[in-house]
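Source file: entry-v4.txt; contents: compact mmCIF, N, CA and C atoms.
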```
# COMPACT_ATOMS: atom_id res chain seq x y z
N MET A 6 -49.49 10.34 -263.10
CA MET A 6 -50.65 9.53 -262.87
C MET A 6 -51.92 10.22 -263.36
N TRP A 7 -52.12 11.48 -262.95
CA TRP A 7 -53.33 12.18 -263.36
C TRP A 7 -53.38 12.43 -264.85
N SER A 8 -52.23 12.68 -265.48
CA SER A 8 -52.25 12.96 -266.92
C SER A 8 -52.76 11.75 -267.69
N ALA A 9 -52.37 10.54 -267.27
CA ALA A 9 -52.87 9.32 -267.91
C ALA A 9 -54.37 9.19 -267.68
N LEU A 10 -54.83 9.51 -266.46
CA LEU A 10 -56.25 9.46 -266.15
C LEU A 10 -57.03 10.46 -266.99
N VAL A 11 -56.50 11.67 -267.13
CA VAL A 11 -57.17 12.69 -267.94
C VAL A 11 -57.31 12.21 -269.38
N ARG A 12 -56.25 11.67 -269.95
CA ARG A 12 -56.32 11.18 -271.33
C ARG A 12 -57.31 10.02 -271.45
N ALA A 13 -57.33 9.14 -270.45
CA ALA A 13 -58.25 8.00 -270.49
C ALA A 13 -59.71 8.47 -270.40
N LEU A 14 -59.97 9.45 -269.53
CA LEU A 14 -61.33 9.93 -269.34
C LEU A 14 -61.82 10.80 -270.49
N TRP A 15 -60.96 11.69 -270.96
CA TRP A 15 -61.42 12.70 -271.92
C TRP A 15 -60.79 12.57 -273.30
N GLY A 16 -59.85 11.65 -273.48
CA GLY A 16 -59.28 11.41 -274.79
C GLY A 16 -58.42 12.55 -275.33
N GLU A 17 -57.89 13.36 -274.45
CA GLU A 17 -57.07 14.49 -274.89
C GLU A 17 -55.60 14.15 -274.69
N SER A 18 -54.82 14.54 -275.67
CA SER A 18 -53.38 14.37 -275.54
C SER A 18 -52.80 15.57 -274.81
N PRO A 19 -51.57 15.45 -274.30
CA PRO A 19 -50.96 16.61 -273.62
C PRO A 19 -50.91 17.85 -274.51
N SER A 20 -50.69 17.69 -275.80
CA SER A 20 -50.61 18.86 -276.68
C SER A 20 -51.96 19.56 -276.80
N GLU A 21 -53.06 18.80 -276.66
CA GLU A 21 -54.38 19.41 -276.73
C GLU A 21 -54.70 20.19 -275.44
N ILE A 22 -54.13 19.74 -274.34
CA ILE A 22 -54.36 20.41 -273.06
C ILE A 22 -53.42 21.59 -272.90
N ALA A 23 -52.20 21.48 -273.44
CA ALA A 23 -51.19 22.53 -273.29
C ALA A 23 -51.73 23.86 -273.80
N GLY A 24 -51.31 24.94 -273.17
CA GLY A 24 -51.75 26.27 -273.57
C GLY A 24 -52.93 26.78 -272.78
N ARG A 25 -53.45 25.96 -271.90
CA ARG A 25 -54.57 26.38 -271.07
C ARG A 25 -54.01 26.93 -269.76
N GLU A 26 -53.94 28.22 -269.68
CA GLU A 26 -53.39 28.84 -268.48
C GLU A 26 -54.47 29.01 -267.42
N VAL A 27 -54.12 28.59 -266.22
CA VAL A 27 -55.02 28.70 -265.08
C VAL A 27 -54.29 29.45 -263.98
N LEU A 28 -54.94 30.48 -263.47
CA LEU A 28 -54.40 31.20 -262.31
C LEU A 28 -54.90 30.51 -261.06
N VAL A 29 -54.01 30.25 -260.13
CA VAL A 29 -54.41 29.76 -258.82
C VAL A 29 -54.13 30.91 -257.85
N VAL A 30 -55.19 31.45 -257.28
CA VAL A 30 -55.10 32.63 -256.41
C VAL A 30 -55.41 32.20 -254.99
N GLU A 31 -54.39 32.21 -254.16
CA GLU A 31 -54.53 31.71 -252.79
C GLU A 31 -53.42 32.30 -251.93
N PRO A 32 -53.76 32.96 -250.80
CA PRO A 32 -52.73 33.54 -249.95
C PRO A 32 -51.83 32.51 -249.26
N SER A 33 -52.35 31.34 -248.97
CA SER A 33 -51.55 30.30 -248.31
C SER A 33 -50.68 29.59 -249.35
N ALA A 34 -49.37 29.71 -249.19
CA ALA A 34 -48.45 29.08 -250.15
C ALA A 34 -48.64 27.57 -250.21
N THR A 35 -48.89 26.95 -249.07
CA THR A 35 -49.07 25.50 -249.04
C THR A 35 -50.31 25.09 -249.82
N ARG A 36 -51.40 25.76 -249.55
CA ARG A 36 -52.65 25.46 -250.25
C ARG A 36 -52.55 25.79 -251.74
N ARG A 37 -51.93 26.92 -252.06
CA ARG A 37 -51.75 27.34 -253.45
C ARG A 37 -50.96 26.28 -254.22
N ARG A 38 -49.87 25.80 -253.61
CA ARG A 38 -49.03 24.78 -254.25
C ARG A 38 -49.81 23.48 -254.47
N ALA A 39 -50.61 23.09 -253.48
CA ALA A 39 -51.39 21.86 -253.61
C ALA A 39 -52.38 21.94 -254.78
N LEU A 40 -53.11 23.06 -254.87
CA LEU A 40 -54.04 23.24 -255.98
C LEU A 40 -53.31 23.28 -257.31
N ALA A 41 -52.20 24.01 -257.34
CA ALA A 41 -51.41 24.11 -258.58
C ALA A 41 -50.89 22.75 -259.01
N ASP A 42 -50.43 21.95 -258.06
CA ASP A 42 -49.91 20.63 -258.40
C ASP A 42 -50.99 19.74 -259.00
N VAL A 43 -52.20 19.82 -258.47
CA VAL A 43 -53.30 19.03 -259.03
C VAL A 43 -53.56 19.44 -260.47
N LEU A 44 -53.62 20.73 -260.72
CA LEU A 44 -53.90 21.22 -262.08
C LEU A 44 -52.73 20.92 -263.03
N ARG A 45 -51.52 21.04 -262.53
CA ARG A 45 -50.36 20.71 -263.37
C ARG A 45 -50.32 19.23 -263.72
N SER A 46 -50.80 18.38 -262.81
CA SER A 46 -50.82 16.95 -263.08
C SER A 46 -51.70 16.62 -264.28
N ALA A 47 -52.65 17.50 -264.58
CA ALA A 47 -53.51 17.35 -265.75
C ALA A 47 -52.99 18.18 -266.92
N GLU A 48 -51.78 18.68 -266.76
CA GLU A 48 -51.04 19.39 -267.80
C GLU A 48 -51.61 20.76 -268.16
N TYR A 49 -52.28 21.38 -267.19
CA TYR A 49 -52.64 22.78 -267.36
C TYR A 49 -51.41 23.61 -267.05
N GLN A 50 -51.31 24.77 -267.67
CA GLN A 50 -50.23 25.70 -267.36
C GLN A 50 -50.73 26.59 -266.23
N VAL A 51 -50.05 26.53 -265.09
CA VAL A 51 -50.53 27.19 -263.89
C VAL A 51 -49.64 28.37 -263.51
N VAL A 52 -50.27 29.47 -263.18
CA VAL A 52 -49.59 30.64 -262.63
C VAL A 52 -50.10 30.79 -261.20
N GLU A 53 -49.19 30.74 -260.24
CA GLU A 53 -49.57 30.84 -258.82
C GLU A 53 -49.47 32.29 -258.35
N LEU A 54 -50.54 32.78 -257.73
CA LEU A 54 -50.58 34.15 -257.23
C LEU A 54 -51.15 34.16 -255.81
N GLY A 55 -50.67 35.10 -255.00
CA GLY A 55 -51.05 35.14 -253.60
C GLY A 55 -52.24 36.01 -253.27
N SER A 56 -52.73 36.80 -254.23
CA SER A 56 -53.85 37.70 -253.90
C SER A 56 -54.65 38.05 -255.14
N PRO A 57 -55.91 38.49 -254.93
CA PRO A 57 -56.72 38.97 -256.05
C PRO A 57 -56.08 40.18 -256.74
N THR A 58 -55.40 41.01 -255.97
CA THR A 58 -54.74 42.18 -256.54
C THR A 58 -53.68 41.76 -257.55
N GLU A 59 -52.88 40.75 -257.19
CA GLU A 59 -51.87 40.23 -258.12
C GLU A 59 -52.54 39.64 -259.37
N ALA A 60 -53.64 38.93 -259.16
CA ALA A 60 -54.34 38.32 -260.30
C ALA A 60 -54.87 39.39 -261.25
N MET A 61 -55.52 40.40 -260.70
CA MET A 61 -56.06 41.46 -261.55
C MET A 61 -54.97 42.23 -262.27
N ALA A 62 -53.83 42.44 -261.61
CA ALA A 62 -52.71 43.13 -262.26
C ALA A 62 -52.22 42.32 -263.45
N ARG A 63 -52.09 41.00 -263.30
CA ARG A 63 -51.64 40.15 -264.40
C ARG A 63 -52.66 40.14 -265.54
N ILE A 64 -53.93 40.05 -265.18
CA ILE A 64 -54.98 40.02 -266.21
C ILE A 64 -55.04 41.37 -266.94
N ALA A 65 -54.98 42.46 -266.20
CA ALA A 65 -55.02 43.81 -266.79
C ALA A 65 -53.80 44.05 -267.68
N ALA A 66 -52.68 43.41 -267.35
CA ALA A 66 -51.46 43.59 -268.14
C ALA A 66 -51.48 42.76 -269.42
N GLY A 67 -52.52 41.97 -269.61
CA GLY A 67 -52.64 41.25 -270.86
C GLY A 67 -52.66 39.73 -270.74
N LEU A 68 -52.37 39.17 -269.57
CA LEU A 68 -52.46 37.73 -269.40
C LEU A 68 -53.94 37.36 -269.42
N ARG A 69 -54.35 36.58 -270.36
CA ARG A 69 -55.75 36.17 -270.46
C ARG A 69 -55.83 34.67 -270.20
N PRO A 70 -55.92 34.32 -268.94
CA PRO A 70 -55.98 32.90 -268.61
C PRO A 70 -57.31 32.30 -269.02
N LEU A 71 -57.30 31.01 -269.13
CA LEU A 71 -58.54 30.27 -269.37
C LEU A 71 -59.47 30.45 -268.18
N MET A 72 -58.88 30.36 -266.97
CA MET A 72 -59.69 30.51 -265.78
C MET A 72 -58.83 30.83 -264.58
N ALA A 73 -59.49 31.23 -263.51
CA ALA A 73 -58.85 31.45 -262.22
C ALA A 73 -59.54 30.55 -261.21
N VAL A 74 -58.75 29.96 -260.32
CA VAL A 74 -59.27 29.13 -259.24
C VAL A 74 -58.88 29.81 -257.94
N ALA A 75 -59.84 30.08 -257.09
CA ALA A 75 -59.55 30.80 -255.84
C ALA A 75 -60.48 30.33 -254.74
N GLY A 76 -60.04 30.52 -253.52
CA GLY A 76 -60.89 30.25 -252.36
C GLY A 76 -61.84 31.42 -252.17
N ALA A 77 -63.12 31.14 -252.04
CA ALA A 77 -64.12 32.21 -251.92
C ALA A 77 -63.89 33.06 -250.69
N ASP A 78 -63.47 32.44 -249.60
CA ASP A 78 -63.30 33.19 -248.36
C ASP A 78 -61.89 33.73 -248.20
N ARG A 79 -61.06 33.60 -249.22
CA ARG A 79 -59.68 34.07 -249.15
C ARG A 79 -59.36 34.99 -250.32
N GLY A 80 -60.29 35.83 -250.66
CA GLY A 80 -60.06 36.80 -251.73
C GLY A 80 -60.77 36.47 -253.02
N GLY A 81 -61.33 35.30 -253.11
CA GLY A 81 -62.00 34.90 -254.34
C GLY A 81 -63.23 35.74 -254.65
N MET A 82 -63.96 36.12 -253.62
CA MET A 82 -65.14 36.97 -253.84
C MET A 82 -64.73 38.32 -254.40
N GLU A 83 -63.66 38.86 -253.86
CA GLU A 83 -63.13 40.14 -254.36
C GLU A 83 -62.73 40.00 -255.82
N LEU A 84 -62.06 38.91 -256.15
CA LEU A 84 -61.65 38.66 -257.53
C LEU A 84 -62.88 38.54 -258.44
N ALA A 85 -63.90 37.86 -257.98
CA ALA A 85 -65.13 37.71 -258.76
C ALA A 85 -65.75 39.08 -259.06
N HIS A 86 -65.86 39.92 -258.03
CA HIS A 86 -66.46 41.25 -258.23
C HIS A 86 -65.64 42.07 -259.23
N GLU A 87 -64.33 42.02 -259.12
CA GLU A 87 -63.48 42.80 -260.02
C GLU A 87 -63.55 42.29 -261.45
N LEU A 88 -63.52 40.98 -261.62
CA LEU A 88 -63.61 40.41 -262.97
C LEU A 88 -64.94 40.73 -263.63
N ARG A 89 -66.01 40.62 -262.86
CA ARG A 89 -67.34 40.81 -263.44
C ARG A 89 -67.72 42.28 -263.58
N ALA A 90 -66.96 43.18 -263.00
CA ALA A 90 -67.24 44.62 -263.11
C ALA A 90 -66.83 45.18 -264.46
N ASP A 91 -66.01 44.47 -265.22
CA ASP A 91 -65.50 44.97 -266.49
C ASP A 91 -65.71 43.91 -267.56
N SER A 92 -66.50 44.22 -268.57
CA SER A 92 -66.82 43.25 -269.62
C SER A 92 -65.59 42.81 -270.41
N ALA A 93 -64.49 43.54 -270.30
CA ALA A 93 -63.25 43.14 -270.99
C ALA A 93 -62.74 41.80 -270.46
N TYR A 94 -63.19 41.41 -269.27
CA TYR A 94 -62.71 40.17 -268.66
C TYR A 94 -63.74 39.04 -268.73
N ASP A 95 -64.75 39.21 -269.57
CA ASP A 95 -65.82 38.21 -269.65
C ASP A 95 -65.32 36.82 -270.03
N GLY A 96 -64.23 36.73 -270.75
CA GLY A 96 -63.73 35.43 -271.19
C GLY A 96 -63.01 34.64 -270.11
N VAL A 97 -62.72 35.27 -269.00
CA VAL A 97 -62.01 34.58 -267.92
C VAL A 97 -63.03 33.84 -267.06
N ARG A 98 -62.92 32.53 -267.03
CA ARG A 98 -63.80 31.71 -266.19
C ARG A 98 -63.28 31.73 -264.76
N LEU A 99 -64.17 31.66 -263.79
CA LEU A 99 -63.78 31.73 -262.40
C LEU A 99 -64.37 30.56 -261.62
N VAL A 100 -63.49 29.84 -260.96
CA VAL A 100 -63.88 28.73 -260.09
C VAL A 100 -63.58 29.16 -258.66
N LEU A 101 -64.60 29.14 -257.82
CA LEU A 101 -64.40 29.47 -256.41
C LEU A 101 -64.61 28.22 -255.57
N LEU A 102 -63.69 28.02 -254.65
CA LEU A 102 -63.77 26.92 -253.69
C LEU A 102 -64.28 27.52 -252.39
N ALA A 103 -65.36 26.95 -251.85
CA ALA A 103 -66.00 27.61 -250.72
C ALA A 103 -66.62 26.60 -249.76
N PRO A 104 -66.74 27.02 -248.50
CA PRO A 104 -67.53 26.22 -247.56
C PRO A 104 -69.00 26.22 -248.01
N THR A 105 -69.74 25.24 -247.61
CA THR A 105 -71.14 25.09 -248.04
C THR A 105 -71.94 26.37 -247.86
N ALA A 106 -71.81 27.03 -246.72
CA ALA A 106 -72.61 28.22 -246.43
C ALA A 106 -72.29 29.39 -247.37
N THR A 107 -71.12 29.39 -247.96
CA THR A 107 -70.68 30.50 -248.82
C THR A 107 -71.00 30.27 -250.29
N LEU A 108 -71.37 29.07 -250.67
CA LEU A 108 -71.59 28.75 -252.09
C LEU A 108 -72.59 29.68 -252.79
N PRO A 109 -73.76 29.95 -252.21
CA PRO A 109 -74.69 30.86 -252.90
C PRO A 109 -74.11 32.26 -253.12
N LYS A 110 -73.40 32.78 -252.12
CA LYS A 110 -72.79 34.11 -252.26
C LYS A 110 -71.72 34.11 -253.34
N ALA A 111 -70.98 33.01 -253.47
CA ALA A 111 -69.94 32.91 -254.49
C ALA A 111 -70.56 32.93 -255.89
N LEU A 112 -71.66 32.25 -256.05
CA LEU A 112 -72.35 32.29 -257.35
C LEU A 112 -72.89 33.68 -257.65
N GLU A 113 -73.47 34.31 -256.64
CA GLU A 113 -73.99 35.68 -256.81
C GLU A 113 -72.88 36.66 -257.18
N ALA A 114 -71.67 36.41 -256.68
CA ALA A 114 -70.54 37.30 -256.95
C ALA A 114 -70.05 37.18 -258.39
N GLY A 115 -70.46 36.11 -259.07
CA GLY A 115 -70.08 35.99 -260.48
C GLY A 115 -69.21 34.80 -260.82
N ALA A 116 -69.08 33.87 -259.91
CA ALA A 116 -68.29 32.67 -260.21
C ALA A 116 -69.00 31.85 -261.27
N ASP A 117 -68.23 31.27 -262.16
CA ASP A 117 -68.80 30.37 -263.16
C ASP A 117 -69.06 28.99 -262.57
N LEU A 118 -68.29 28.66 -261.54
CA LEU A 118 -68.40 27.36 -260.91
C LEU A 118 -68.00 27.51 -259.45
N CYS A 119 -68.77 26.91 -258.57
CA CYS A 119 -68.43 26.88 -257.15
C CYS A 119 -68.35 25.43 -256.72
N LEU A 120 -67.29 25.11 -256.01
CA LEU A 120 -67.10 23.76 -255.50
C LEU A 120 -66.97 23.81 -253.99
N GLU A 121 -67.62 22.87 -253.34
CA GLU A 121 -67.56 22.82 -251.88
C GLU A 121 -66.21 22.30 -251.41
N GLU A 122 -65.64 23.01 -250.44
CA GLU A 122 -64.37 22.58 -249.86
C GLU A 122 -64.62 21.60 -248.73
N PRO A 123 -63.76 20.64 -248.52
CA PRO A 123 -62.61 20.31 -249.37
C PRO A 123 -63.08 19.56 -250.61
N VAL A 124 -62.50 19.87 -251.74
CA VAL A 124 -62.90 19.25 -253.00
C VAL A 124 -61.90 18.14 -253.35
N PRO A 125 -62.37 16.93 -253.63
CA PRO A 125 -61.47 15.87 -254.04
C PRO A 125 -60.78 16.22 -255.37
N GLU A 126 -59.54 15.80 -255.51
CA GLU A 126 -58.76 16.14 -256.70
C GLU A 126 -59.46 15.75 -258.00
N GLY A 127 -60.02 14.56 -258.03
CA GLY A 127 -60.70 14.10 -259.23
C GLY A 127 -61.89 14.95 -259.60
N VAL A 128 -62.63 15.39 -258.61
CA VAL A 128 -63.78 16.27 -258.84
C VAL A 128 -63.30 17.62 -259.38
N LEU A 129 -62.27 18.17 -258.76
CA LEU A 129 -61.73 19.45 -259.23
C LEU A 129 -61.32 19.35 -260.69
N LEU A 130 -60.56 18.32 -261.02
CA LEU A 130 -60.10 18.17 -262.41
C LEU A 130 -61.26 17.97 -263.38
N ALA A 131 -62.23 17.16 -263.00
CA ALA A 131 -63.36 16.92 -263.88
C ALA A 131 -64.16 18.19 -264.13
N ARG A 132 -64.42 18.94 -263.07
CA ARG A 132 -65.22 20.16 -263.22
C ARG A 132 -64.45 21.26 -263.96
N VAL A 133 -63.15 21.38 -263.70
CA VAL A 133 -62.32 22.35 -264.44
C VAL A 133 -62.30 21.97 -265.93
N HIS A 134 -62.16 20.69 -266.20
CA HIS A 134 -62.17 20.24 -267.60
C HIS A 134 -63.50 20.59 -268.27
N ASP A 135 -64.61 20.33 -267.58
CA ASP A 135 -65.92 20.65 -268.15
C ASP A 135 -66.04 22.14 -268.45
N LEU A 136 -65.57 22.97 -267.55
CA LEU A 136 -65.64 24.41 -267.72
C LEU A 136 -64.73 24.87 -268.86
N ALA A 137 -63.60 24.19 -269.02
CA ALA A 137 -62.64 24.57 -270.05
C ALA A 137 -63.10 24.16 -271.45
N SER A 138 -63.99 23.19 -271.52
CA SER A 138 -64.43 22.67 -272.83
C SER A 138 -65.40 23.59 -273.53
```

Let me see whether you can do it: turn the structure in this file into structure tokens.
Amino acid sequence: MWSALVRALWGESPSEIAGREVLVVEPSATRRRALADVLRSAEYQVVELGSPTEAMARIAAGLRPLMAVAGADRGGMELAHELRADSAYDGVRLVLLAPTATLPKALEAGADLCLEEPVPEGVLLARVHDLAS
């Protein structure tokens, strides 16, 4: 369903979207799966990770994702600080999902995009697409 919506909204075919790797960094397996499923529905290639440490290890080992999506209050701030501390990772875009009160701190930490939780699926996809373009 979402893939048809993505093509209708943005005119991209699945082959144009394919190859865009997105890390979903979330300690809760249920929440991680839900976010990953939304992104996969738009045909992003998703790697699910449970912690910022796992994400940084994958990135340092050579995985250069298009972006990482993480909860600001569940390790996302730590991931932001680590990514922004080394210019070698400047190409990795970071989306942090945060409660309203945490949004300014998430931006200060180096997020490219902060979205207020809970974020509707359509909003998440639209904003991720904008950031990916």

Would you write out, as JSON lines, a table of all residues in region 9-91 of chain A that have an atom no more than 8 Å from an atom of region 102-111 of chain A, listing for each the closest atom pair and the distance in Å to one decimal, considering only N, CA and C atoms and ordering rows by chain and rising residue number?
```
{"residue": "A:Val74", "atom": "C", "partner": "A:Leu102", "partner_atom": "N", "distance": 6.1}
{"residue": "A:Ala75", "atom": "C", "partner": "A:Leu102", "partner_atom": "N", "distance": 4.0}
{"residue": "A:Gly76", "atom": "CA", "partner": "A:Leu102", "partner_atom": "N", "distance": 4.2}
{"residue": "A:Ala77", "atom": "N", "partner": "A:Leu102", "partner_atom": "C", "distance": 3.8}
{"residue": "A:Asp78", "atom": "N", "partner": "A:Ala103", "partner_atom": "CA", "distance": 5.6}
{"residue": "A:Arg79", "atom": "N", "partner": "A:Leu102", "partner_atom": "C", "distance": 7.6}
{"residue": "A:Gly81", "atom": "CA", "partner": "A:Leu102", "partner_atom": "N", "distance": 7.1}
{"residue": "A:Met82", "atom": "CA", "partner": "A:Ala111", "partner_atom": "CA", "distance": 6.3}
{"residue": "A:Ala85", "atom": "CA", "partner": "A:Ala111", "partner_atom": "C", "distance": 7.8}
```

request  = Could you please write out, as an MDAnalysis selection string, every residue of region 58-96 of chain A that DSSP assigns to strand (DSSP E)?
outcome  = chainID A and resid 72:76

Å distance separating atom C of Leu129 (chain A) from CA of Leu101 (chain A), one decimal place = 11.4 Å

Residue neighbourhood region 65-70 of chain A, 7 Å, only N, CA and C atoms, exclusion window fewer than 5 positions, as a PDB file with N, CA and C atoms, keeping the file's coordinate frame:
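Below you can see part_9.pdb, which holds the result:
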```
ATOM      1  N   ARG A  25     -53.450  25.960-271.900  1.00  0.00           N
ATOM      2  CA  ARG A  25     -54.570  26.380-271.070  1.00  0.00           C
ATOM      3  C   ARG A  25     -54.010  26.930-269.760  1.00  0.00           C
ATOM      4  N   GLU A  26     -53.940  28.220-269.680  1.00  0.00           N
ATOM      5  CA  GLU A  26     -53.390  28.840-268.480  1.00  0.00           C
ATOM      6  C   GLU A  26     -54.470  29.010-267.420  1.00  0.00           C
ATOM      7  N   VAL A  27     -54.120  28.590-266.220  1.00  0.00           N
ATOM      8  CA  VAL A  27     -55.020  28.700-265.080  1.00  0.00           C
ATOM      9  C   VAL A  27     -54.290  29.450-263.980  1.00  0.00           C
ATOM     10  N   LEU A  28     -54.940  30.480-263.470  1.00  0.00           N
ATOM     11  CA  LEU A  28     -54.400  31.200-262.310  1.00  0.00           C
ATOM     12  C   LEU A  28     -54.900  30.510-261.060  1.00  0.00           C
ATOM     13  N   ALA A  60     -53.640  38.930-259.160  1.00  0.00           N
ATOM     14  CA  ALA A  60     -54.340  38.320-260.300  1.00  0.00           C
ATOM     15  C   ALA A  60     -54.870  39.390-261.250  1.00  0.00           C
ATOM     16  N   GLY A  96     -64.230  36.730-270.750  1.00  0.00           N
ATOM     17  CA  GLY A  96     -63.730  35.430-271.190  1.00  0.00           C
ATOM     18  C   GLY A  96     -63.010  34.640-270.110  1.00  0.00           C
ATOM     19  N   VAL A  97     -62.720  35.270-269.000  1.00  0.00           N
ATOM     20  CA  VAL A  97     -62.010  34.580-267.920  1.00  0.00           C
ATOM     21  C   VAL A  97     -63.030  33.840-267.060  1.00  0.00           C
ATOM     22  N   ARG A  98     -62.920  32.530-267.030  1.00  0.00           N
ATOM     23  CA  ARG A  98     -63.800  31.710-266.190  1.00  0.00           C
ATOM     24  C   ARG A  98     -63.280  31.730-264.760  1.00  0.00           C
TER      25      ARG A  98
END
```

message = So that I can see what lies close to Val29 (chain A), please list as a list in words the residues with an atom at most 6.5 Å from it, counting all atoms listed in the file and leaving out residues fewer than 6 positions away in the same chain.
response = Arg37, Ala41, Val51, Val52, Glu53, Leu54, Gly55, Ala73, Val74 and Ala75 of chain A

task = Output as a VMD selection string all residues of region 15-70 of chain A that backbone DSSP marks as alpha helix (DSSP H).
result = chain A and resid 15 19 to 22 34 to 46 57 to 65

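With all atoms listed in the file as the atoms that count, the minimum distance from Leu120 (chain A) to the choices A:Val100, A:Ser138, A:Thr58, A:Ala34 is reached by A:Val100.
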
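Picture a line from CA of Gly115 (chain A) to atom N of His86 (chain A); it runs 6.3 Å.
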
message = Rounded to one decimal, what separation in Å do you get between CA of Val30 (chain A) and atom C of Gly80 (chain A)?
response = 7.6 Å

inquiry  = Please determine, counting only C-alpha atoms, which residue among A:Val128, A:Ala137, A:Ala47, A:Glu31 has the shortest atom-to-atom distance to Leu84 (chain A).
reply    = A:Glu31

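Nearest-residue note for Tyr94 (chain A): choosing from A:Ile64, A:Ala114, A:Gly127, A:Arg132, the minimum distance belongs to A:Ile64, counting all atoms listed in the file.
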